[in-house]
Structure formats: structure tokens, C-alpha cells
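Peer 1: My structure is below; once you've seen it, I'll send some questions.
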Amino acid sequence: MRYGRNRRGGSGAYAGGAAGGGAAGAPGGGIVGTGDGGARGPGAGRRTGSGPPGRGAAVALALAGCGALLTAGCSSGGVPPGAGGSPPGSPPGTASPGPSGTAQDPAVPPARGSVTVSGEVAEGLESPWGVAPLPGGDLLVASRDKGTISRVRTDTGAVTQIGRVPRVAPGGEGGLLGLALSPAFASDRLVYAYFTTESDNRIARMRYDEQKQPGQQLGAPDTVLRGIPKGVVHNGGRIAFGPDRMLYAGTGETGDTALAQDRKSLGGKILRMTPEGQPVHGNPEADSVVYSYGHRNVQGLAWDKDKRLWAAEFGQNTWDELNLIEPGGNYGWPEAEGKAGRAGLRDPVAVWKPDEASPSGIAWAQGSVWMAGLKGERLWRIPLRGAVPAAEPEAFLQGKYGRLRTVVSLGGDRLLLVTSETDGRGSPEAGDDRVLTLTVR
């Protein structure tokens, strides 16, 4: 089993990656770029050699930990729903726990971290996008372009299609995108999916029945939310259940920049809804699922230990962003890109040049947000002191595995990382695409 590619030289462990979080930005200009990052440049060679230990018992046991949390109602961001108990009507992100420490505070992560690729769960996946860890440690993985959901056994790497999502219409950056398990999955067996149809993007839920034959294990979709604008680009697509057990979705403005500032449109937003798709008490507007607006293309959602919501967002030509999300916040697009310092607009916490990032999925672990980069072909670590960076962002795995799509917290110091070389913009090699396990600090 190979864990790298001969164009990407290097070893299995990566300590103290390259720093560089970018500078304050200004409003962007030029044409509307693509949301997933363009074709990557020459870059560094892919890794070969001995690499990390193989899949098997160690990987399966590591993943089983998150499965156990999911059985208890763990959110896809790795935070147990209701942990700490938000007051009724108080959405996550509204309560500020205050300064989170000083240089002596053990809760503040070190300025420099490390990443070790500890195993490979699976390879040979086609256009993987959303991932949902199951109780017991196996994974559900969505194929954007095939419109199918497969179960990946983490002990053997075997991939079995459990079903196809009806009405998925792949094209450009659209298709079958994010996955999330119901907070009550242990009893209701519901799998949520965000996907593109011929007319819109929508969210539906399906019952997963493991007693049926492979390929026939997904029940008929029950549409939770429809009418999210669709386009060739900027379809958003990440969904996750938050600590409040509500469903959140990141959407894109489909290249129609005016949608991001239109509070009546579902495009260019972060949405918050009940598991049935209804507006939540405590949303900025009582009859709307819109939670924040002024976004260009949100594909990363994660909560930290204090239940603050973070989101990764594609910029245009100037700055990609990591944002701390507050209900009702206007994040500026298309009036601003990056750190504009304008009244009424919320500046990002960190920014990157698109060639270094083009971010998709994010996860929180070990006091840091970890952000997968598509065009940037690297994993970014953003250490946090409460709601602000504790140090400059660091880059890891640069050019080692190509485009990186999804990162999932498994609890503690463990992450899942999904590559995206078969999405039409990569340079796939033997074994692409793959799911890796990481140990991080």
C-alpha cells in the first residue's frame, strides 16, 4: 500500500509547517473566479517511501472513538450536542466566554504544531466530498459526481455503495456534496445530504437500513429544505449539526454576487434550521433560516470547545477567509474581500491568498482550526486563543497529497483528511482519491 505519490517527496511526519497567514485585505476586483480553486500548479513532489503505518486495527480503533461519540449524539464538528447546555434561544456563537487565556494558559495551543499521517483508511474513491463517521468507526462518503453514498470499512478499506441519492444533477462544482448524521442517528438512522438538482440545491434526509441489500439501503429522500440557488460554481454544500442539535448549512452565491447581500435569498449564507428544516427560535429573523450573510462560498463549518462557530470561505482573486460567525453578521461579500475594516461588516479572523488555500472543509482539534486547501494543496493549522489567533497559521502536507477537500475531527488529536484529485481540477494518480488519518498537535 502506497501512502503518497512519487511526485510528492517527503516523510510521514510533518512538524512545524510553513507559517504565513496573509495580511489585511482590501475589496477585491476582477472577474468572478471559481469556487473550488483552479487547476494546481507544478508544486512539490508527492511523497513516496515507507510512509505511515497501514490501515487495519489501529485505524479502526481510532475511528471507533468518533463512532461512539456519534452514538451519543455527537455533531459532525466533533462537539457533543448540548455539551455545556446553551440557554433556550441562545444560538452558539452569541455567548462569549471572554479571554481564553494567557501565554501560561495550558488551554492555549503552542505556536508551532505538528501533523503525522498515521494511516490510510481507503483509496480509489471517485470525487469524494462529504464524510460522516458512523457509530463503530466506519464512514459514509459521498461521491459528488456519481451521486452515490458508500460505506467505507475502516478495518479493511473495503468500499460498498449503500445507495444513490435521487435527482442529483452533477455539473461544475455541483452534485452530491455534504453529509451529516442525525443527532439521534442511533435510533432514527437518518442521513442528511446537501445536493444539486436540475433546479436548485437542497437538503434531504434518508433512512439508512443496513438490513437491506447493498445499493438499496437508502430510503426515499425526505426534503428538508429546497430552493437554495444553484450554479456551475459556488454551490457551498457543507452541512453539520451544531452543539445545539440544529442543522447548519454553508451556501454559495452561484456567481451572482448580489445574492450574498439579499437577506431573502438562501445563496451566499450560513443557514440554521431545525432537523425538519424550519427556522430556529433565536435566529436573527424569526421566520428565516438565514443565520449570517455576505458570504461568497462557504464550504467549511466547525465549532470550537466553547461552541463558537467557524467557517471557511472562498475569496475571489485576493483573499480566502476564516470567519468567526455571529448571528446576523454581514461578512461583506461582494462589498469587501478580506479585512476591509468597514463599519457594519465583519472582518475575517485570518486570510490567505487563493493560491495558498482555496479552502473547503475545516475541523477543530487541539486548540486549533484545521483547514483543507484545494488549490493550495495543504492543510492549514490556525491556533486559537479564544476567538483570536494565538500565532500565525502554519501549513502542513504541502503538495504531498494534492487537493484537500474535507477534514473531520475524530476527537482528541485525531483527524480524517480526504483528498480531491478526481474532481476534474486535480491530476489524479494511482490510488486517488483517498482518506487518511492524521495525528495532530
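Residue numbering restarts at 1 in every chain; chains get A, B, ... in the order shown in the C-alpha cells, and ligands count up from 1 in that same order.
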With a distance cut-off of 9 Å and only C-alpha atoms, select the neighbouring residues of Gly268 (chain A), excluding the residue or stretch itself and same-chain residues fewer than 6 positions from it, and output the selection as an MDAnalysis selection string.

Peer 2: chainID A and resid 229 234:236 250:254 257:262 292:298 333

Peer 1: Leaving out Ser427 (chain A) and any residue of its chain fewer than 2 positions from it, which residues lie within 10 Å of it when counting only C-alpha atoms, given as a ChimeraX atom specification?

Peer 2: /A:39-40,402-403,420-425,429,432

Peer 1: Check region 242-430 of chain A with DSSP on the backbone and list each residue it calls helix (DSSP H, G or I), as a list in words.

Peer 2: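 Answer for region 242-430 of chain A restricted to helix (DSSP H, G or I) is Thr257, Ala258, Leu259, Ala260, Gln261, Pro354, Asp355 and Glu356 of chain A.
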
Peer 1: So which one's closest to Gly282 (chain A), A:Pro243, A:Pro327, A:Gly315, A:Gly426? Using only C-alpha atoms, please.

Peer 2: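 Closest to Gly282 (chain A) of all the choices is A:Pro327.
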
Peer 1: CA of Ala286 (chain A) and CA of Asp306 (chain A) are how many Å apart?

Peer 2: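 We find that CA of Ala286 (chain A) and CA of Asp306 (chain A) lie 24.9 Å from each other.
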
Peer 1: For Arg167 (chain A), find every residue with an atom within 9 Å (counting only C-alpha atoms), except residues of its own chain fewer than 3 positions away, and show them as a list in words.

Peer 2: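 Counting only the stated atoms, we get Gly147, Phe195, Thr196, Thr197 and Glu198 of chain A.
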
Peer 1: For Ile203 (chain A), find every residue with an atom within 12 Å (counting only C-alpha atoms), except residues of its own chain fewer than 2 positions away, and show them as a ChimeraX atom specification.

Peer 2: /A:165,167-168,175-180,191-197,200-201,205-206,221-228,236-240,247-251,271,273,275-277

Peer 1: Save the residues we just selected, N, CA and C atoms, as a short mmCIF file (atom, residue, chain, number, x, y, z; two decimals), in the first residue's frame?

Peer 2:
data_model
loop_
_atom_site.label_atom_id
_atom_site.label_comp_id
_atom_site.auth_asym_id
_atom_site.auth_seq_id
_atom_site.Cartn_x
_atom_site.Cartn_y
_atom_site.Cartn_z
N VAL A 165 -28.50 8.80 -4.36
CA VAL A 165 -29.44 9.85 -3.98
C VAL A 165 -30.19 10.30 -5.23
N ARG A 167 -32.23 12.36 -8.01
CA ARG A 167 -32.34 13.73 -8.53
C ARG A 167 -31.04 14.51 -8.43
N VAL A 168 -29.94 13.89 -8.04
CA VAL A 168 -28.67 14.60 -8.06
C VAL A 168 -28.29 14.90 -9.51
N GLY A 175 -23.39 18.79 -7.33
CA GLY A 175 -23.54 17.35 -7.26
C GLY A 175 -23.92 16.96 -5.84
N LEU A 176 -23.54 15.76 -5.43
CA LEU A 176 -23.79 15.31 -4.07
C LEU A 176 -22.65 15.82 -3.20
N LEU A 177 -22.96 16.70 -2.24
CA LEU A 177 -21.93 17.42 -1.51
C LEU A 177 -21.88 16.96 -0.06
N GLY A 178 -22.33 17.77 0.88
CA GLY A 178 -22.14 17.45 2.29
C GLY A 178 -23.03 16.35 2.82
N LEU A 179 -22.53 15.65 3.84
CA LEU A 179 -23.27 14.63 4.57
C LEU A 179 -23.23 14.95 6.06
N ALA A 180 -24.27 14.56 6.76
CA ALA A 180 -24.30 14.66 8.23
C ALA A 180 -25.26 13.60 8.75
N VAL A 191 -29.70 9.92 7.55
CA VAL A 191 -28.53 10.53 6.93
C VAL A 191 -29.01 11.75 6.16
N TYR A 192 -28.38 12.90 6.44
CA TYR A 192 -28.71 14.14 5.74
C TYR A 192 -27.71 14.38 4.62
N ALA A 193 -28.20 14.88 3.49
CA ALA A 193 -27.33 15.17 2.34
C ALA A 193 -27.71 16.50 1.73
N TYR A 194 -26.68 17.25 1.31
CA TYR A 194 -26.85 18.51 0.57
C TYR A 194 -26.47 18.19 -0.87
N PHE A 195 -27.36 18.52 -1.82
CA PHE A 195 -27.05 18.15 -3.20
C PHE A 195 -27.71 19.10 -4.20
N THR A 196 -27.16 19.06 -5.41
CA THR A 196 -27.62 19.89 -6.52
C THR A 196 -28.60 19.09 -7.38
N THR A 197 -29.73 19.70 -7.72
CA THR A 197 -30.67 19.12 -8.66
C THR A 197 -30.65 19.96 -9.94
N ASP A 200 -32.17 23.44 -8.28
CA ASP A 200 -31.73 24.11 -7.06
C ASP A 200 -30.70 23.25 -6.33
N ASN A 201 -30.19 23.79 -5.23
CA ASN A 201 -29.52 22.97 -4.22
C ASN A 201 -30.53 22.73 -3.10
N ARG A 205 -33.11 14.15 3.80
CA ARG A 205 -32.67 13.11 4.72
C ARG A 205 -33.25 11.78 4.28
N MET A 206 -32.48 10.73 4.52
CA MET A 206 -32.84 9.38 4.09
C MET A 206 -32.54 8.41 5.22
N PRO A 221 -35.81 9.92 -0.23
CA PRO A 221 -35.43 11.19 0.40
C PRO A 221 -36.63 11.99 0.87
N ASP A 222 -36.50 12.53 2.04
CA ASP A 222 -37.48 13.46 2.60
C ASP A 222 -36.83 14.84 2.55
N THR A 223 -37.34 15.72 1.70
CA THR A 223 -36.71 17.03 1.51
C THR A 223 -36.90 17.89 2.76
N VAL A 224 -35.79 18.37 3.28
CA VAL A 224 -35.78 19.21 4.47
C VAL A 224 -35.83 20.68 4.09
N LEU A 225 -35.04 21.06 3.08
CA LEU A 225 -35.01 22.45 2.62
C LEU A 225 -34.71 22.46 1.13
N ARG A 226 -35.48 23.19 0.38
CA ARG A 226 -35.25 23.34 -1.05
C ARG A 226 -35.12 24.82 -1.39
N GLY A 227 -34.73 25.11 -2.64
CA GLY A 227 -34.68 26.48 -3.09
C GLY A 227 -33.38 27.21 -2.85
N ILE A 228 -32.33 26.51 -2.45
CA ILE A 228 -31.02 27.14 -2.36
C ILE A 228 -30.51 27.34 -3.79
N GLY A 236 -21.61 26.11 -2.40
CA GLY A 236 -21.47 25.80 -0.98
C GLY A 236 -21.50 24.29 -0.78
N GLY A 237 -22.27 23.82 0.22
CA GLY A 237 -22.51 22.39 0.31
C GLY A 237 -22.21 21.73 1.63
N ARG A 238 -21.51 22.41 2.54
CA ARG A 238 -21.19 21.75 3.81
C ARG A 238 -22.39 21.83 4.75
N ILE A 239 -22.73 20.71 5.39
CA ILE A 239 -23.77 20.70 6.41
C ILE A 239 -23.20 20.04 7.66
N ALA A 240 -23.73 20.46 8.82
CA ALA A 240 -23.28 19.90 10.08
C ALA A 240 -24.30 20.22 11.16
N LEU A 247 -29.39 22.07 12.58
CA LEU A 247 -28.68 21.80 11.34
C LEU A 247 -28.21 23.11 10.72
N TYR A 248 -26.92 23.18 10.39
CA TYR A 248 -26.31 24.35 9.75
C TYR A 248 -25.87 23.97 8.34
N ALA A 249 -25.95 24.93 7.43
CA ALA A 249 -25.53 24.69 6.05
C ALA A 249 -24.80 25.92 5.53
N GLY A 250 -23.69 25.70 4.82
CA GLY A 250 -22.98 26.77 4.13
C GLY A 250 -23.37 26.78 2.67
N THR A 251 -23.77 27.94 2.16
CA THR A 251 -24.19 28.03 0.77
C THR A 251 -23.30 29.01 0.01
N LEU A 271 -26.90 28.98 6.99
CA LEU A 271 -28.28 28.74 7.37
C LEU A 271 -28.31 27.93 8.67
N MET A 273 -31.25 25.75 11.00
CA MET A 273 -32.62 25.25 10.94
C MET A 273 -32.79 24.07 11.88
N PRO A 275 -33.92 20.10 12.61
CA PRO A 275 -33.71 18.92 11.77
C PRO A 275 -34.80 18.72 10.72
N GLU A 276 -35.93 19.39 10.89
CA GLU A 276 -37.02 19.31 9.91
C GLU A 276 -36.95 20.44 8.89
N GLY A 277 -35.96 21.33 9.02
CA GLY A 277 -35.78 22.39 8.05
C GLY A 277 -36.51 23.69 8.36
#

Peer 1: Enumerate, as an MDAnalysis selection string, the complete set of residues in region 98-204 of chain A that a backbone-based DSSP assignment places in strand (DSSP E).

Peer 2: chainID A and resid 114:122 128:133 139:143 148:152 159:164 176:181 190:196 201:204

Peer 1: Work out how far apart CA of Trp319 (chain A) and CA of Ser288 (chain A) are and give it in Å to one decimal.

Peer 2: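 We find that CA of Trp319 (chain A) and CA of Ser288 (chain A) lie 29.2 Å from each other.
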
Peer 1: What does the distance from CA of Arg153 (chain A) to CA of Leu374 (chain A) come to in Å, to one decimal?

Peer 2: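 Separation between CA of Arg153 (chain A) and CA of Leu374 (chain A): 25.6 Å.
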
Peer 1: Taking into account only C-alpha atoms, which residue in the set A:Ala336, A:Asp138, A:Asp36, A:Glu392 is nearest to Ala357 (chain A)?

Peer 2: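 For Ala357 (chain A), the nearest of the given residues is A:Asp36.
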
Peer 1: For the interface of region 144-168 of chain A with region 116-137 of chain A (cut-off 6 Å, counting only C-alpha atoms), please tabulate each contacting residue of region 144-168 of chain A alongside its nearest pair of atoms and their separation in Å to one decimal, rows sorted by chain and increasing number, as CSV.

Peer 2:
residue,atom,partner,partner_atom,distance
A:Arg144,CA,A:Ser127,CA,5.5
A:Thr154,CA,A:Val121,CA,5.5
A:Gly157,CA,A:Ala122,CA,4.6

Peer 1: Those residues with N, CA and C atoms, as a PDB file, in the first residue's frame please?

Peer 2:
ATOM      1  N   ARG A 144     -19.439  13.202  -5.210  1.00  0.00           N
ATOM      2  CA  ARG A 144     -20.075  14.366  -5.816  1.00  0.00           C
ATOM      3  C   ARG A 144     -20.624  14.060  -7.198  1.00  0.00           C
ATOM      4  N   THR A 154     -13.304   0.745   7.927  1.00  0.00           N
ATOM      5  CA  THR A 154     -12.022   1.298   8.331  1.00  0.00           C
ATOM      6  C   THR A 154     -11.016   0.237   8.735  1.00  0.00           C
ATOM      7  N   GLY A 157     -10.632  -1.165   4.544  1.00  0.00           N
ATOM      8  CA  GLY A 157     -10.645  -0.239   3.421  1.00  0.00           C
ATOM      9  C   GLY A 157     -11.669  -0.580   2.360  1.00  0.00           C
TER      10      GLY A 157
END
